[in-house]
Amino acid sequence: MKLSGGVEWALHCCVVLTAASEPVPAARLALLHDVSPSYLAKQMQALSRAGLVASVQGKTGGYALTRPASEITVLDVVLAVDGADPAFVCTEIRQRGPLGAPPEKCAKPCGIARVMGAAEAAWRESLRGVTIGDLVASMERDNGPEALPGIGTWLTPERGSGSRAQ
C-alpha cells in the first residue's frame, strides 16, 4: 500500500499535539518538523475536515486534537489525508482480449481480486488497531518520558513573548 508523505506528517503532528497545552499554529508544526508550511497546512485542514483536530481561529489560534489520543486511530489519519478509496481496483481484465471470459463467468471476484481485497482488509485492520496514544507511548519508550513535554513547551511558548515563530 502506498501512502502519501502527508500521512507521515499528519501522524507526527497528531502525536506532538498531545503535548501541547493550547492550539498550535500549522506554521509552528511545520517549523518543528522542518517541512513545507503550505503542504502541512493542507494535511491539517484534512484532519480538521475529518473531525480529528479542531481549528481555532485568531491570534492564539491553531490546531488541537478533538478527542483523546487513545480514540484516534492511525487508520483515521490515513483516511483523512489519503481518502478511503481502495488501493486495488479490479478492472476485470479477465473479460478482455481474444479469449476474454463472458460476464456471466465472472460473477465472483477472481483469485487476484480476493487476495488483494484480503490484504487491504488486513492492512486497514492493523492500522485501526493502533492509536495516536499508542504512538505517543512508543515515542516515550524510544526517546524517554521527557521528550514530549519538551516538545510541548517548544510548541506553545509563552504567548506574546516575541519568541514564538509563526
# chains A, B, ... in the order shown; residues from 1 in each chain; ligands from 1

$ closest_atom_pairs --of "range 90-154 of chain A" --to "range 18-39 of chain A" --cutoff "7 Å" --atoms "only C-alpha atoms" --output "JSON lines"
{"residue": "A:Leu148", "atom": "CA", "partner": "A:Ala19", "partner_atom": "CA", "distance": 5.7}
{"residue": "A:Pro149", "atom": "CA", "partner": "A:Ala19", "partner_atom": "CA", "distance": 5.8}
{"residue": "A:Ile151", "atom": "CA", "partner": "A:Ala19", "partner_atom": "CA", "distance": 6.8}
{"residue": "A:Gly152", "atom": "CA", "partner": "A:Ala19", "partner_atom": "CA", "distance": 4.5}

$ write_last_selection --atoms "N, CA, C and O atoms" --output "PDB file, in the first residue's frame"
ATOM      1  N   LEU A 148       8.277  14.343  24.913  1.00  0.00           N
ATOM      2  CA  LEU A 148       7.042  15.046  24.546  1.00  0.00           C
ATOM      3  C   LEU A 148       6.798  16.304  25.368  1.00  0.00           C
ATOM      4  O   LEU A 148       6.408  17.325  24.795  1.00  0.00           O
ATOM      5  N   PRO A 149       7.000  16.285  26.663  1.00  0.00           N
ATOM      6  CA  PRO A 149       6.830  17.541  27.399  1.00  0.00           C
ATOM      7  C   PRO A 149       7.757  18.651  26.871  1.00  0.00           C
ATOM      8  O   PRO A 149       7.360  19.817  26.792  1.00  0.00           O
ATOM      9  N   ILE A 151       8.785  18.966  23.775  1.00  0.00           N
ATOM     10  CA  ILE A 151       8.176  19.415  22.516  1.00  0.00           C
ATOM     11  C   ILE A 151       6.979  20.299  22.813  1.00  0.00           C
ATOM     12  O   ILE A 151       6.780  21.337  22.178  1.00  0.00           O
ATOM     13  N   GLY A 152       6.173  19.907  23.793  1.00  0.00           N
ATOM     14  CA  GLY A 152       5.011  20.709  24.170  1.00  0.00           C
ATOM     15  C   GLY A 152       5.394  22.108  24.600  1.00  0.00           C
ATOM     16  O   GLY A 152       4.744  23.093  24.229  1.00  0.00           O
TER      17      GLY A 152
END

$ closest_residue --among "A:Arg67, A:Lys105, A:Lys59, A:Lys42" --to "Leu17 in chain A" --atoms "only C-alpha atoms"
A:Arg67

$ select_by_dssp --residues "range 20-82 of chain A" --states "helix (DSSP H, G or I)" --output "PyMOL selection string"
chain A and resi 26-33+37-49+69-71+74-82

$ write_last_selection --atoms "N, CA and C atoms" --output "tab-separated table (two decimals), in the first residue's frame"
chain	number	residue	atom	x	y	z
A	26	ALA	N	-0.30	25.81	12.41
A	26	ALA	CA	0.32	24.90	11.44
A	26	ALA	C	1.75	25.32	11.12
A	27	ALA	N	1.99	26.62	11.07
A	27	ALA	CA	3.34	27.11	10.78
A	27	ALA	C	4.33	26.67	11.86
A	28	ARG	N	3.88	26.62	13.10
A	28	ARG	CA	4.75	26.18	14.20
A	28	ARG	C	5.04	24.68	14.07
A	29	LEU	N	4.02	23.91	13.70
A	29	LEU	CA	4.21	22.48	13.48
A	29	LEU	C	5.16	22.23	12.31
A	30	ALA	N	5.03	23.03	11.26
A	30	ALA	CA	5.92	22.90	10.10
A	30	ALA	C	7.36	23.21	10.50
A	31	LEU	N	7.54	24.24	11.31
A	31	LEU	CA	8.87	24.60	11.76
A	31	LEU	C	9.49	23.48	12.61
A	32	LEU	N	8.70	22.91	13.48
A	32	LEU	CA	9.18	21.81	14.33
A	32	LEU	C	9.70	20.65	13.48
A	33	HIS	N	8.98	20.34	12.42
A	33	HIS	CA	9.33	19.18	11.59
A	33	HIS	C	10.17	19.54	10.38
A	37	PRO	N	5.41	24.61	5.07
A	37	PRO	CA	4.23	25.09	5.81
A	37	PRO	C	2.94	24.97	5.00
A	38	SER	N	2.99	25.26	3.70
A	38	SER	CA	1.76	25.21	2.91
A	38	SER	C	1.27	23.77	2.74
A	39	TYR	N	2.18	22.83	2.53
A	39	TYR	CA	1.77	21.43	2.38
A	39	TYR	C	1.27	20.88	3.71
A	40	LEU	N	1.93	21.22	4.80
A	40	LEU	CA	1.47	20.75	6.11
A	40	LEU	C	0.11	21.34	6.44
A	41	ALA	N	-0.11	22.60	6.07
A	41	ALA	CA	-1.41	23.22	6.33
A	41	ALA	C	-2.53	22.43	5.64
A	42	LYS	N	-2.26	21.92	4.45
A	42	LYS	CA	-3.26	21.11	3.74
A	42	LYS	C	-3.57	19.83	4.51
A	43	GLN	N	-2.55	19.22	5.08
A	43	GLN	CA	-2.77	17.99	5.86
A	43	GLN	C	-3.58	18.30	7.12
A	44	MET	N	-3.28	19.42	7.75
A	44	MET	CA	-4.02	19.80	8.96
A	44	MET	C	-5.47	20.12	8.62
A	45	GLN	N	-5.70	20.73	7.47
A	45	GLN	CA	-7.07	21.01	7.04
A	45	GLN	C	-7.83	19.70	6.79
A	46	ALA	N	-7.14	18.71	6.22
A	46	ALA	CA	-7.78	17.40	6.00
A	46	ALA	C	-8.13	16.76	7.34
A	47	LEU	N	-7.25	16.86	8.32
A	47	LEU	CA	-7.54	16.33	9.66
A	47	LEU	C	-8.72	17.06	10.29
A	48	SER	N	-8.78	18.36	10.05
A	48	SER	CA	-9.88	19.16	10.57
A	48	SER	C	-11.21	18.77	9.93
A	49	ARG	N	-11.22	18.61	8.60
A	49	ARG	CA	-12.44	18.19	7.90
A	49	ARG	C	-12.93	16.84	8.41
A	69	ALA	N	-6.10	10.96	22.52
A	69	ALA	CA	-5.23	10.26	21.58
A	69	ALA	C	-5.56	8.77	21.51
A	70	SER	N	-6.09	8.23	22.58
A	70	SER	CA	-6.45	6.80	22.60
A	70	SER	C	-7.69	6.51	21.76
A	71	GLU	N	-8.36	7.55	21.29
A	71	GLU	CA	-9.58	7.38	20.50
A	71	GLU	C	-9.38	7.73	19.03
A	74	VAL	N	-4.62	5.25	13.74
A	74	VAL	CA	-3.77	5.55	12.59
A	74	VAL	C	-4.61	5.49	11.31
A	75	LEU	N	-5.55	4.55	11.26
A	75	LEU	CA	-6.43	4.46	10.08
A	75	LEU	C	-7.25	5.73	9.93
A	76	ASP	N	-7.72	6.31	11.03
A	76	ASP	CA	-8.47	7.57	10.95
A	76	ASP	C	-7.64	8.63	10.24
A	77	VAL	N	-6.37	8.72	10.58
A	77	VAL	CA	-5.49	9.73	9.98
A	77	VAL	C	-5.24	9.40	8.51
A	78	VAL	N	-4.98	8.15	8.20
A	78	VAL	CA	-4.75	7.73	6.81
A	78	VAL	C	-5.96	8.09	5.96
A	79	LEU	N	-7.15	7.76	6.43
A	79	LEU	CA	-8.36	8.04	5.67
A	79	LEU	C	-8.59	9.53	5.51
A	80	ALA	N	-8.29	10.30	6.54
A	80	ALA	CA	-8.46	11.75	6.47
A	80	ALA	C	-7.56	12.37	5.42
A	81	VAL	N	-6.32	11.91	5.35
A	81	VAL	CA	-5.33	12.52	4.46
A	81	VAL	C	-5.39	11.94	3.05
A	82	ASP	N	-5.44	10.62	2.94
A	82	ASP	CA	-5.37	9.98	1.62
A	82	ASP	C	-6.71	9.51	1.08

$ select_by_dssp --residues "chain A" --states "strand (DSSP E or B)" --output "number ranges by chain"
A: 24, 53-56, 62-65, 73, 131

$ atom_distance --atom1 "CA of Ala50 in chain A" --atom2 "CA of Cys90 in chain A"
27.6 Å

$ residues_around --residues "Ser126 in chain A" --least-positions-apart "3" --cutoff "12 Å" --atoms "only C-alpha atoms" --output "MDAnalysis selection string"
chainID A and resid 73:76 119:123 129:131

$ write_last_selection --atoms "C-alpha atoms" --output "PDB file, in the first residue's frame"
ATOM      1  CA  THR A  73      -6.524   5.508  15.159  1.00  0.00           C
ATOM      2  CA  VAL A  74      -3.767   5.548  12.589  1.00  0.00           C
ATOM      3  CA  LEU A  75      -6.426   4.463  10.084  1.00  0.00           C
ATOM      4  CA  ASP A  76      -8.473   7.570  10.954  1.00  0.00           C
ATOM      5  CA  ALA A 119      -4.575  -7.866   2.035  1.00  0.00           C
ATOM      6  CA  GLU A 120      -6.172  -4.428   2.135  1.00  0.00           C
ATOM      7  CA  ALA A 121      -8.669  -5.534   4.786  1.00  0.00           C
ATOM      8  CA  ALA A 122      -5.798  -6.869   6.941  1.00  0.00           C
ATOM      9  CA  TRP A 123      -3.784  -3.677   6.409  1.00  0.00           C
ATOM     10  CA  GLY A 129      -5.665  -1.321  15.974  1.00  0.00           C
ATOM     11  CA  VAL A 130      -3.031   1.371  16.609  1.00  0.00           C
ATOM     12  CA  THR A 131      -3.959   4.702  18.167  1.00  0.00           C
TER      13      THR A 131
END

$ atom_distance --atom1 "CA of Ser4 in chain A" --atom2 "CA of Val53 in chain A"
19.2 Å

$ residues_around --residues "Val89 in chain A" --least-positions-apart "6" --cutoff "12 Å" --atoms "only C-alpha atoms" --output "PDB file with C-alpha atoms, in the first residue's frame"
ATOM      1  CA  PRO A 109     -14.225 -11.981  -7.906  1.00  0.00           C
ATOM      2  CA  ILE A 112      -6.300 -11.896  -7.610  1.00  0.00           C
ATOM      3  CA  ALA A 113      -9.124  -9.582  -6.532  1.00  0.00           C
ATOM      4  CA  ARG A 114      -9.792 -11.780  -3.481  1.00  0.00           C
ATOM      5  CA  MET A 116      -5.781  -8.032  -2.884  1.00  0.00           C
ATOM      6  CA  GLY A 117      -9.038  -7.363  -1.039  1.00  0.00           C
ATOM      7  CA  GLU A 120      -6.172  -4.428   2.135  1.00  0.00           C
TER       8      GLU A 120
END

$ closest_residue --among "A:Pro86, A:Gly62, A:Gly51, A:Pro68" --to "Lys2 in chain A" --atoms "only C-alpha atoms"
A:Pro86

$ atom_distance --atom1 "CA of Val136 in chain A" --atom2 "CA of Leu65 in chain A"
13.4 Å
